[in-house]
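Enquirer: Here it is: the structure, laid out below.
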Amino acid sequence: MAEMSLEKSFKELEIYKETALLDLENKKIDLENQKVDLDIKRHDSETKRIVVEKGSKYDFRAQIIILVMVMVVLGVAVLLGMLGLLNIAYLVVAGGFATIITAAIKGVSNKTK
């Protein structure tokens with residue numbers, strides 16, 4: 001009877017040991033999953049930062065191009081006005097600004113998609 005009790009105790013200890021090992025393995029897996037989640041979050045935030053940075057560079061470039069276009073249109077209009085071609089100067093201003101405004105609106109609508 002004592003041997004059976006002792007054997008039963010050894011089996012219970014073995015089961016307890018296996019359960020403890022499985023618990024440790026599960027905790028290890030949970031920690032690894034948490035580390036992967038943190039790495040993914042860091043990667044996402046870095047990607048968002050890069051996108052914002054590049055977007056602002058493109059916006060600045062577009063603003064410079066629009067400024068140059070406005071200056072060219074106004075310069076041509078002033079030159080035509082000084083030559084006495086007022087009607088053509090008005091058309092250049094209207095057509096130039098219509099083109100610039102259309103391009104700006106198209107760019108904004110494409111950006112929101």
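Following the order of the structure tokens, chains are lettered A, B, ..., residues in each are numbered from 1, and ligands are numbered from 1.
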Hey, what's within 8 Å of region 68-71 of chain A if we count only C-alpha atoms and toss same-chain stuff fewer than 2 positions away? As a ChimeraX atom specification, please?
Expert: /A:64-66,73-75,96-97,100
Enquirer: Once you have the residues from the selection above, write them out as a short mmCIF file (atom, residue, chain, number, x, y, z; two decimals), in the first residue's frame, restricted to N, CA and C atoms.
Expert:
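That gives us part08.cif:
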```cif
data_model
loop_
_atom_site.label_atom_id
_atom_site.label_comp_id
_atom_site.auth_asym_id
_atom_site.auth_seq_id
_atom_site.Cartn_x
_atom_site.Cartn_y
_atom_site.Cartn_z
N ILE A 64 5.96 75.94 -54.59
CA ILE A 64 6.99 76.69 -55.33
C ILE A 64 6.65 76.73 -56.82
N ILE A 65 6.21 75.61 -57.38
CA ILE A 65 5.85 75.57 -58.80
C ILE A 65 4.68 76.51 -59.08
N ILE A 66 3.68 76.51 -58.22
CA ILE A 66 2.52 77.40 -58.40
C ILE A 66 2.97 78.85 -58.31
N VAL A 73 2.81 84.13 -65.37
CA VAL A 73 1.54 84.63 -65.95
C VAL A 73 1.44 86.14 -65.76
N LEU A 74 1.73 86.59 -64.55
CA LEU A 74 1.65 88.03 -64.30
C LEU A 74 2.71 88.80 -65.10
N GLY A 75 3.90 88.24 -65.22
CA GLY A 75 4.95 88.88 -66.00
C GLY A 75 4.57 89.03 -67.46
N GLY A 96 -4.35 81.63 -67.49
CA GLY A 96 -3.27 81.15 -66.61
C GLY A 96 -3.78 80.80 -65.23
N PHE A 97 -4.57 81.70 -64.66
CA PHE A 97 -5.09 81.43 -63.32
C PHE A 97 -6.11 80.29 -63.32
N ILE A 100 -4.00 77.17 -63.29
CA ILE A 100 -3.37 76.96 -61.98
C ILE A 100 -4.38 76.48 -60.95
#
```
Enquirer: Between CA of Asn87 (chain A) and CA of Ala103 (chain A), what is the distance in Å, rounded to a tenth?
Expert: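 Separating CA of Asn87 (chain A) from CA of Ala103 (chain A) is a distance of 24.3 Å.
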Enquirer: Please, what distance in Å, to one decimal, runs between CA of Val76 (chain A) and CA of Val92 (chain A)?
Expert: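 Calculated distance between CA of Val76 (chain A) and CA of Val92 (chain A) is 7.6 Å.
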Enquirer: For the atom pair CA of Arg61 (chain A) and CA of Thr102 (chain A), what is the interatomic distance in Å to one decimal place?
Expert: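 Pair CA of Arg61 (chain A) / CA of Thr102 (chain A) returns 17.2 Å.
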